[in-house]
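Data file: my_file_3.cif. Format and content: mmCIF, C-alpha atoms and all ligand atoms.
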```
data_start
loop_
_atom_site.label_atom_id
_atom_site.label_comp_id
_atom_site.auth_asym_id
_atom_site.auth_seq_id
_atom_site.Cartn_x
_atom_site.Cartn_y
_atom_site.Cartn_z
CA MET A 1 68.23 95.74 107.37
CA ALA A 2 71.99 95.98 107.48
CA ILE A 3 73.58 95.93 104.06
CA ARG A 4 76.30 93.44 103.33
CA PRO A 5 79.76 95.00 103.39
CA MET A 6 81.63 95.37 100.10
CA LEU A 7 83.41 92.10 99.44
CA ILE A 8 86.67 91.76 97.51
CA CYS A 9 87.87 88.17 97.24
CA GLY A 10 90.44 86.25 95.31
CA PRO A 11 93.90 84.77 95.59
CA CYS A 12 96.97 86.58 96.83
CA SER A 13 98.49 85.97 93.38
CA ALA A 14 97.28 84.91 89.97
CA GLU A 15 99.24 81.71 89.34
CA SER A 16 97.63 80.02 86.35
CA GLU A 17 94.59 80.51 84.16
CA GLU A 18 92.91 77.46 85.76
CA GLN A 19 93.58 78.64 89.33
CA VAL A 20 92.23 82.13 88.55
CA LEU A 21 89.10 80.91 86.77
CA GLU A 22 88.30 78.09 89.16
CA THR A 23 88.67 80.34 92.22
CA ALA A 24 86.57 83.06 90.58
CA ARG A 25 83.81 80.62 89.54
CA GLU A 26 83.54 79.16 93.03
CA LEU A 27 83.58 82.56 94.67
CA LYS A 28 80.89 83.82 92.33
CA LYS A 29 78.69 80.83 93.10
CA LEU A 30 79.23 80.94 96.86
CA VAL A 31 79.57 84.60 97.83
CA ALA A 32 79.15 86.73 94.69
CA PRO A 33 81.96 89.17 95.56
CA ASP A 34 81.83 92.78 94.38
CA TYR A 35 85.40 92.45 93.06
CA PHE A 36 87.70 89.59 92.20
CA ARG A 37 91.25 90.29 93.32
CA ALA A 38 94.57 88.71 92.34
CA GLY A 39 98.11 90.04 92.48
CA ILE A 40 99.82 90.13 89.07
CA TRP A 41 103.01 91.89 90.14
CA LYS A 42 103.95 90.85 93.66
CA PRO A 43 106.14 93.03 95.87
CA ARG A 44 108.16 90.41 97.75
CA THR A 45 110.59 90.94 100.59
CA ARG A 46 113.21 88.58 99.11
CA PRO A 47 114.12 88.45 95.41
CA ASP A 48 113.88 84.68 95.07
CA SER A 49 110.20 84.55 96.08
CA PHE A 50 107.43 84.23 93.49
CA GLU A 51 107.08 87.73 92.02
CA GLY A 52 103.85 87.23 90.11
CA VAL A 53 103.07 86.06 86.58
CA GLY A 54 103.11 89.56 85.15
CA GLU A 55 101.16 90.73 82.11
CA THR A 56 100.05 87.23 81.00
CA GLY A 57 97.83 87.09 84.10
CA LEU A 58 95.92 90.18 82.99
CA ALA A 59 94.29 88.18 80.20
CA TRP A 60 93.06 85.60 82.77
CA MET A 61 91.61 88.40 84.90
CA LYS A 62 89.92 89.86 81.84
CA ARG A 63 88.23 86.49 81.29
CA VAL A 64 86.87 86.63 84.84
CA GLN A 65 85.50 90.11 84.22
CA ASP A 66 84.01 89.30 80.80
CA GLU A 67 82.74 85.75 81.37
CA LEU A 68 81.69 85.90 85.02
CA SER A 69 80.79 89.59 85.18
CA ILE A 70 82.83 90.21 88.31
CA PRO A 71 84.84 93.44 88.18
CA VAL A 72 88.52 92.66 88.67
CA ILE A 73 91.19 94.43 90.67
CA THR A 74 94.93 94.09 91.09
CA GLU A 75 97.88 95.87 92.66
CA VAL A 76 99.82 98.47 90.69
CA ALA A 77 103.21 99.81 91.68
CA ASN A 78 104.19 102.04 88.76
CA ALA A 79 102.87 103.90 85.70
CA SER A 80 103.45 101.00 83.33
CA HIS A 81 101.25 98.72 85.48
CA VAL A 82 98.47 101.31 85.26
CA GLU A 83 98.75 101.51 81.47
CA LYS A 84 98.68 97.72 81.18
CA ILE A 85 95.62 97.18 83.35
CA ALA A 86 93.79 99.94 81.48
CA LYS A 87 94.48 98.06 78.24
CA TYR A 88 92.86 94.93 79.73
CA GLY A 89 89.73 96.78 80.82
CA PHE A 90 90.32 96.99 84.57
CA LYS A 91 88.17 99.61 86.30
CA ALA A 92 89.89 99.38 89.69
CA PHE A 93 93.31 98.91 91.24
CA TRP A 94 94.91 98.98 94.65
CA ILE A 95 98.17 100.45 95.84
CA GLY A 96 100.01 98.09 98.16
CA ALA A 97 101.44 98.79 101.59
CA ARG A 98 105.00 99.02 100.36
CA THR A 99 104.32 101.31 97.41
CA VAL A 100 102.10 103.67 99.37
CA ALA A 101 105.07 104.56 101.56
CA ASN A 102 106.81 106.13 98.56
CA PRO A 103 105.26 109.48 97.54
CA PHE A 104 107.15 109.46 94.20
CA SER A 105 105.57 106.14 93.21
CA VAL A 106 102.12 107.21 94.38
CA GLN A 107 102.35 110.43 92.36
CA GLU A 108 103.56 108.52 89.30
CA ILE A 109 100.61 106.12 89.58
CA ALA A 110 98.14 108.97 90.10
CA ASN A 111 99.47 110.81 87.02
CA ALA A 112 99.25 107.65 84.92
CA ALA A 113 95.70 106.95 86.10
CA LYS A 114 94.47 110.45 85.21
CA GLY A 115 92.00 110.34 82.36
CA PHE A 116 90.84 106.80 83.19
CA ASP A 117 87.79 106.12 85.29
CA PHE A 118 89.40 103.99 87.99
CA LYS A 119 88.14 103.16 91.44
CA ILE A 120 91.23 103.40 93.61
CA PHE A 121 91.97 101.42 96.75
CA VAL A 122 94.79 102.74 98.91
CA LYS A 123 96.26 100.39 101.49
CA ASN A 124 97.94 101.77 104.58
CA PRO A 125 101.74 101.85 104.66
CA THR A 126 103.41 99.16 106.83
CA ASN A 127 104.64 101.77 109.31
CA PRO A 128 101.92 103.41 111.40
CA ASP A 129 102.20 106.83 109.76
CA ILE A 130 98.73 108.19 109.18
CA ASP A 131 100.02 111.26 107.31
CA LEU A 132 101.64 109.04 104.72
CA TRP A 133 98.33 107.20 104.22
CA CYS A 134 96.36 110.48 104.02
CA GLY A 135 98.99 111.95 101.72
CA ALA A 136 98.63 109.13 99.23
CA ILE A 137 94.85 109.56 99.20
CA GLU A 138 95.23 113.33 98.75
CA ARG A 139 97.49 112.85 95.73
CA PHE A 140 94.54 111.17 93.98
CA GLN A 141 91.98 113.65 95.29
CA LYS A 142 94.07 116.54 93.97
CA LEU A 143 93.90 115.05 90.48
CA GLY A 144 90.10 114.88 90.70
CA PHE A 145 89.59 111.21 91.61
CA GLU A 146 86.48 110.83 93.75
CA ASP A 147 86.05 107.11 94.02
CA ILE A 148 88.74 106.28 96.56
CA VAL A 149 88.64 103.59 99.23
CA ALA A 150 91.16 103.18 102.05
CA VAL A 151 92.16 99.63 102.96
CA SER A 152 93.29 98.91 106.51
CA ARG A 153 95.73 95.98 106.26
CA GLY A 154 97.59 96.27 109.55
CA PHE A 155 101.01 97.57 110.56
CA TYR A 156 104.37 95.92 110.98
CA PRO A 157 104.44 94.55 114.53
CA PHE A 158 108.18 94.93 115.46
CA ALA A 159 107.67 92.27 118.14
CA GLU A 160 106.43 88.68 118.16
CA THR A 161 102.61 88.54 117.94
CA LYS A 162 100.12 85.92 116.85
CA LEU A 163 99.13 88.27 114.02
CA ARG A 164 101.22 89.02 110.97
CA ASN A 165 100.39 92.71 111.26
CA LEU A 166 98.86 94.74 114.09
CA PRO A 167 95.45 96.21 113.33
CA CYS A 168 96.21 99.47 115.28
CA TRP A 169 92.51 100.31 114.95
CA GLU A 170 93.15 103.82 116.29
CA ILE A 171 94.78 104.68 112.94
CA PRO A 172 91.84 103.88 110.62
CA ILE A 173 89.57 105.49 113.26
CA GLU A 174 91.66 108.66 113.04
CA LEU A 175 91.53 108.45 109.23
CA ALA A 176 87.72 108.28 109.42
CA ARG A 177 87.74 111.33 111.69
CA ARG A 178 89.96 113.29 109.28
CA MET A 179 88.20 112.16 106.10
CA PRO A 180 84.58 111.44 107.05
CA GLU A 181 83.46 110.98 103.44
CA LEU A 182 86.08 108.33 102.71
CA LYS A 183 85.08 104.66 102.56
CA ILE A 184 87.35 102.47 104.68
CA ILE A 185 87.48 98.71 104.33
CA CYS A 186 89.63 96.09 106.04
CA ASP A 187 91.96 93.40 104.75
CA PRO A 188 91.80 90.87 107.60
CA SER A 189 93.92 88.36 105.62
CA HIS A 190 97.08 90.45 105.79
CA ILE A 191 96.42 91.46 109.39
CA ALA A 192 95.90 87.85 110.47
CA GLY A 193 98.53 86.13 108.31
CA ASP A 194 96.89 82.90 109.40
CA THR A 195 93.43 81.60 108.51
CA ARG A 196 92.68 80.94 112.21
CA TYR A 197 92.48 84.65 113.04
CA ILE A 198 90.71 86.07 109.99
CA ALA A 199 87.16 85.82 111.39
CA GLU A 200 87.92 87.67 114.62
CA ILE A 201 89.69 90.49 112.76
CA ALA A 202 86.89 90.73 110.18
CA GLN A 203 84.31 90.99 112.97
CA GLN A 204 86.30 93.69 114.76
CA ALA A 205 86.44 95.65 111.49
CA LEU A 206 82.66 95.43 111.07
CA ASN A 207 82.16 96.45 114.69
CA LEU A 208 84.07 99.62 113.77
CA SER A 209 81.68 100.30 110.87
CA MET A 210 84.19 99.47 108.17
CA ALA A 211 82.44 99.34 104.82
CA GLY A 212 83.91 96.14 103.43
CA LEU A 213 86.43 93.32 103.51
CA MET A 214 89.24 92.26 101.19
CA ILE A 215 89.77 88.55 101.77
CA GLU A 216 92.35 86.31 100.15
CA SER A 217 90.84 83.14 98.76
CA HIS A 218 92.43 80.37 96.70
CA CYS A 219 90.80 77.29 95.22
CA CYS A 220 93.63 75.22 96.70
CA PRO A 221 95.41 77.20 99.44
CA GLN A 222 97.94 74.46 100.26
CA ASN A 223 99.42 74.91 96.75
CA ALA A 224 99.47 78.72 96.83
CA LEU A 225 102.70 80.35 95.67
CA SER A 226 102.36 83.29 98.07
CA ASP A 227 100.64 83.87 101.43
CA LYS A 228 99.65 80.21 101.71
CA ASN A 229 98.80 80.35 105.42
CA GLN A 230 96.25 83.10 105.15
CA GLN A 231 94.18 82.06 102.13
CA LEU A 232 90.71 80.62 102.63
CA THR A 233 88.95 78.31 100.20
CA PRO A 234 85.83 79.86 98.63
CA THR A 235 83.71 77.60 100.88
CA GLU A 236 85.56 78.90 103.93
CA VAL A 237 84.90 82.46 102.75
CA LYS A 238 81.19 81.64 102.53
CA ASN A 239 81.22 80.24 106.07
CA LEU A 240 83.14 83.24 107.32
CA ILE A 241 80.66 85.69 105.80
CA GLY A 242 77.78 83.66 107.24
CA SER A 243 79.31 83.82 110.71
CA LEU A 244 79.84 87.59 110.77
CA LYS A 245 77.44 89.84 112.59
CA ILE A 246 76.90 92.72 110.21
CA LYS A 247 76.59 95.93 112.20
CA LYS A 248 74.58 98.96 111.22
CA SER A 249 76.40 102.27 111.65
CA ALA A 250 73.14 103.87 112.77
CA ILE A 251 69.45 103.06 112.86
CA ASP A 252 66.34 105.07 112.43
CA ASP A 253 64.90 104.43 115.87
CA HIS A 254 63.93 107.37 118.06
CA ASN A 255 64.15 105.51 121.40
CA PHE A 256 67.57 104.13 120.54
CA GLU A 257 68.78 107.63 119.57
CA MET A 258 67.40 109.09 122.82
CA GLU A 259 69.04 106.43 124.93
CA LEU A 260 72.36 106.96 123.16
CA GLU A 261 72.10 110.74 123.51
CA THR A 262 71.33 110.50 127.26
CA LEU A 263 74.35 108.29 127.86
CA ARG A 264 76.57 110.45 125.66
CA SER A 265 75.62 113.60 127.57
CA LYS A 266 76.64 111.84 130.81
CA ILE A 267 79.99 111.03 129.20
CA ASP A 268 80.37 114.66 128.12
CA VAL A 269 79.91 115.87 131.70
CA LEU A 270 82.38 113.31 133.07
CA ASP A 271 84.98 114.14 130.41
CA TYR A 272 84.97 117.82 131.36
CA GLN A 273 85.19 116.89 135.04
CA LEU A 274 88.19 114.72 134.23
CA ILE A 275 89.88 117.64 132.49
CA ASP A 276 89.10 119.99 135.42
CA ILE A 277 90.55 117.48 137.87
CA LEU A 278 93.68 117.16 135.77
CA LYS A 279 94.00 120.94 135.75
CA GLN A 280 93.85 120.95 139.57
CA ARG A 281 96.41 118.15 139.73
CA PHE A 282 98.84 120.00 137.47
CA ALA A 283 98.43 123.17 139.54
CA ILE A 284 99.63 121.18 142.57
CA THR A 285 102.52 119.50 140.74
CA ASN A 286 103.63 122.95 139.55
CA GLU A 287 103.58 124.15 143.15
CA ILE A 288 105.68 121.13 144.13
CA GLY A 289 108.03 122.04 141.29
CA GLU A 290 108.53 125.55 142.74
CA ILE A 291 109.33 124.14 146.18
CA LYS A 292 111.80 121.64 144.70
CA LYS A 293 113.47 124.45 142.79
CA SER A 294 113.77 126.72 145.81
CA HIS A 295 115.29 123.86 147.85
CA ASN A 296 117.55 122.77 145.00
CA VAL A 297 115.99 119.30 144.91
CA ALA A 298 115.92 117.12 141.75
CA VAL A 299 112.67 117.12 139.75
CA LEU A 300 112.51 113.35 139.34
CA GLN A 301 111.84 111.54 142.60
CA ILE A 302 111.89 107.97 141.44
CA ASP A 303 110.69 106.32 144.69
CA ARG A 304 107.66 108.59 144.86
CA TRP A 305 106.89 107.90 141.18
CA LYS A 306 107.16 104.13 141.70
CA LYS A 307 104.72 104.35 144.64
CA VAL A 308 102.26 106.48 142.66
CA LEU A 309 102.35 104.13 139.69
CA GLU A 310 101.98 100.98 141.76
CA SER A 311 99.25 102.29 144.07
CA ARG A 312 97.12 103.78 141.27
CA SER A 313 97.42 100.66 139.09
CA LYS A 314 96.53 98.43 142.02
CA TYR A 315 93.55 100.56 143.00
CA ALA A 316 92.32 100.51 139.40
CA GLU A 317 92.63 96.75 139.25
CA ASN A 318 90.71 96.35 142.51
CA ILE A 319 87.78 98.31 141.17
CA GLY A 320 87.74 96.43 137.88
CA LEU A 321 89.67 98.78 135.58
CA SER A 322 92.56 97.76 133.39
CA ARG A 323 95.85 98.03 135.26
CA GLU A 324 97.68 98.68 131.97
CA LEU A 325 95.34 101.49 130.99
CA ILE A 326 95.78 103.32 134.30
CA ALA A 327 99.55 102.74 134.29
CA ALA A 328 99.75 104.17 130.76
CA LEU A 329 97.56 107.13 131.70
CA PHE A 330 99.63 107.98 134.78
CA SER A 331 102.87 107.60 132.83
CA GLU A 332 101.62 110.31 130.46
CA ILE A 333 100.52 112.53 133.35
CA HIS A 334 103.84 112.03 135.11
CA LYS A 335 105.78 112.79 131.93
CA GLU A 336 103.92 116.09 131.62
CA SER A 337 104.46 116.98 135.30
CA ILE A 338 108.19 116.38 134.96
CA LYS A 339 108.26 118.56 131.85
CA GLU A 340 106.39 121.35 133.63
CA GLN A 341 108.65 121.19 136.68
CA GLN A 342 111.88 121.54 134.66
C1 LIG B 1 98.25 91.72 98.75
O1 LIG B 1 97.13 92.23 98.87
O2 LIG B 1 98.45 90.60 98.30
C2 LIG B 1 99.40 92.48 99.25
C3 LIG B 1 100.65 92.25 98.84
O3 LIG B 1 99.05 93.37 100.16
P1 LIG B 1 99.87 94.40 101.08
O4 LIG B 1 100.39 95.43 100.16
O5 LIG B 1 98.82 94.90 102.01
O6 LIG B 1 100.96 93.61 101.78
MN MN B 2 98.87 88.51 99.86
#
```

What does the file become when written as structure tokens?
Ligand code: PEP
Ligand code: MN
Amino acid sequence: MAIRPMLICGPCSAESEEQVLETARELKKLVAPDYFRAGIWKPRTRPDSFEGVGETGLAWMKRVQDELSIPVITEVANASHVEKIAKYGFKAFWIGARTVANPFSVQEIANAAKGFDFKIFVKNPTNPDIDLWCGAIERFQKLGFEDIVAVSRGFYPFAETKLRNLPCWEIPIELARRMPELKIICDPSHIAGDTRYIAEIAQQALNLSMAGLMIESHCCPQNALSDKNQQLTPTEVKNLIGSLKIKKSAIDDHNFEMELETLRSKIDVLDYQLIDILKQRFAITNEIGEIKKSHNVAVLQIDRWKKVLESRSKYAENIGLSRELIAALFSEIHKESIKEQQ
């Protein structure tokens, strides 16, 4: 049986003792999350936005942990936050997307956390820089922390999209390749930015074997002081969880393994053929380069390139392949040919 992914739920921000406790009670009853989240110190883009209730909120979170037995978690951005949450009995914290981009802050937090037994969640930075994300994780690993979870919360889109942040799934996939032991979970709320898209993002994350979900939930989202459009009610979280197809990363089934292995070995053969064909293609473009050079002809022949791009994309489309994929692939190949011919 597939195990349920780790579930972290709670409001974007702690706003009042009632809001924190009511949301936590409902969540406990409906989905029994593994952690209850709420932001205490909120990093906001503009200074006049709600910046969190600060230390007072820690006492409300402590009540959730003590009275409802749900471990609590919040965002820390400096050493003093770490010291304060330790005082209130927190056993976990996360580093937000803005803070993780600053190695000085990450190091300061890691130093302050040393000596405490924290589980540490590291969100990705808003810019798609995997080294920055890895670097933050490594700062904790170097100090001996072993219980670290990466949180994929999407990347700043730079252009108009229906989503608040782009998932750029290739980045958490690359993180999993580089750090195979690391747990990676997804925060579909901050990717979606809108309750309408949370389910599809959460399902995509599970399809990629992500180990859990951090979902913003508020007892009364329309009154939320931050991230109002992306917070689900606890009942909506329950429905969302019920609708997700929980994928297994592998199963203990010999026939399935055999079938997968047979297909994978076919892919292996085709991949090497692809590389060999590319090698032959580059040998010819290099030859063309020599002829151009000897006749003093420019490397870039834009009409020929336009024809190649159009004909290959069209052919791909006709046989049911993505036009964009083939166009992107040939753009890369062409770029390399031009470089080689210089
Ligand atoms: C949050 O979780 O409420 C938050 C501010 O997240 P992020 O740092 O991913 O924007
Ligand atoms: Mn939020």

Which is closer to Ile3 (chain A) than all the others in A:Lys247, A:Lys28, A:Arg178, A:His218, using only C-alpha atoms?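 Checking each candidate against Ile3 (chain A), we get A:Lys247 as the closest.
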
Residues at most 10 Å from region 53-62 of chain A, counting all atoms listed in the file, excluding those fewer than 2 positions away in the same chain, as a count of residues only? 37

Counting all atoms listed in the file, figure out which residue out of A:Arg196, A:Arg4, A:Arg264, A:Lys142 gets nearest to Val31 (chain A).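 Checking each candidate against Val31 (chain A), we get A:Arg4 as the closest.
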
I'd like the neighbourhood of Asn127 (chain A) as an NGL selection string, where a residue qualifies if any of its atoms comes within 9 Å (using all atoms listed in the file), though same-chain residues fewer than 6 positions away should be ignored. :A and (97 or 101 or 154-157)

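Computed from the coordinates, the CA of Pro188 (chain A) to CA of Gln203 (chain A) distance equals 9.2 Å.
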
Cut-off 8 Å, all atoms listed in the file, neighbours of ligand LIG 1 (chain B) as a PyMOL selection string: chain A and resi 11-13+38-39+42-44+75+95-99+123-126+153-154+187+190+216+227

Please provide the set of residues having any atom within 9 Å of Pro167 (chain A), restricted to all atoms listed in the file, with same-chain residues fewer than 2 positions apart removed, written as a ChimeraX atom specification. /A:152-155,163,165,169-172,188,191-192,201

Would you mind listing what lies within 12 Å of Ala283 (chain A) as a list of chain:residue names, with all atoms listed in the file counted and same-chain residues fewer than 6 positions away left out?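 So, after excluding close chain neighbours, the residues are A:Asp276, A:Ile277, A:Gly289, A:Glu290, A:Glu336, A:Ser337, A:Glu340, A:Gln341.
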
Would you put the residues from that selection into a file with C-alpha atoms, as a compact mmCIF listing (two decimals), keeping the file's coordinate frame?
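Contents of part.txt, as written:
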```txt
# COMPACT_ATOMS: atom_id res chain seq x y z
CA ASP A 276 89.10 119.99 135.42
CA ILE A 277 90.55 117.48 137.87
CA GLY A 289 108.03 122.04 141.29
CA GLU A 290 108.53 125.55 142.74
CA GLU A 336 103.92 116.09 131.62
CA SER A 337 104.46 116.98 135.30
CA GLU A 340 106.39 121.35 133.63
CA GLN A 341 108.65 121.19 136.68
```

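Distance annotation: of A:Gln280, A:Gln204, A:Asn102, A:Thr45, the residue with the minimal separation from ligand MN 2 (chain B) is A:Thr45; atom set is all atoms listed in the file.
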
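For the point (85.5, 102.2, 104.2), the residues with an atom at a distance of at most 7 Å are Val149, Ala150, Leu182, Lys183, Ile184, Ile185, Met210, Ala211 and Gly212 of chain A, counting only C-alpha atoms.
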
How far is it from CA of Gln301 (chain A) to CA of Phe330 (chain A), in Å with one decimal?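 We find that CA of Gln301 (chain A) and CA of Phe330 (chain A) lie 14.9 Å from each other.
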
Kindly indicate which residue among A:Gly242, A:Gly135, A:Pro180, A:Gly193 lies nearest to ligand MN 2 (chain B), using all atoms listed in the file for the distances. A:Gly193

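One finds CA of Ile275 (chain A) at 20.6 Å from CA of Thr262 (chain A).
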
Using only C-alpha atoms and all ligand atoms, which of A:Lys314, A:His295, A:Lys307, A:Lys228 sits nearest ligand MN 2 (chain B)?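 Closest candidate: A:Lys228.
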
Nearest residue to ligand MN 2 (chain B) out of A:Ile130, A:Leu206, A:Cys219, A:Leu225, using all atoms listed in the file?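 Using all atoms listed in the file, ligand MN 2 (chain B) sits closest to A:Leu225.
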
Centre and edges of the region 261-267 of chain A box, axis-aligned, 5 Å extra per side, as JSON:
```
{"center_x": 75.7, "center_y": 110.9, "center_z": 127.2, "size_x": 18.7, "size_y": 15.3, "size_z": 17.3}
```

Need the shell around Leu309 (chain A): protein/DNA/RNA residues with any atom at most 10 Å away, counting all atoms listed in the file. Skip same-chain ones fewer than 6 positions apart. Format as a tab-separated table (two decimals) with C-alpha atoms, in the coordinates of the input?
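Final output, saved to out.tsv:
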```tsv
chain	number	residue	atom	x	y	z
A	303	ASP	CA	110.69	106.32	144.69
A	323	ARG	CA	95.85	98.03	135.26
A	326	ILE	CA	95.78	103.32	134.30
A	327	ALA	CA	99.55	102.74	134.29
A	328	ALA	CA	99.75	104.17	130.76
A	329	LEU	CA	97.56	107.13	131.70
A	330	PHE	CA	99.63	107.98	134.78
A	331	SER	CA	102.87	107.60	132.83
A	334	HIS	CA	103.84	112.03	135.11
```
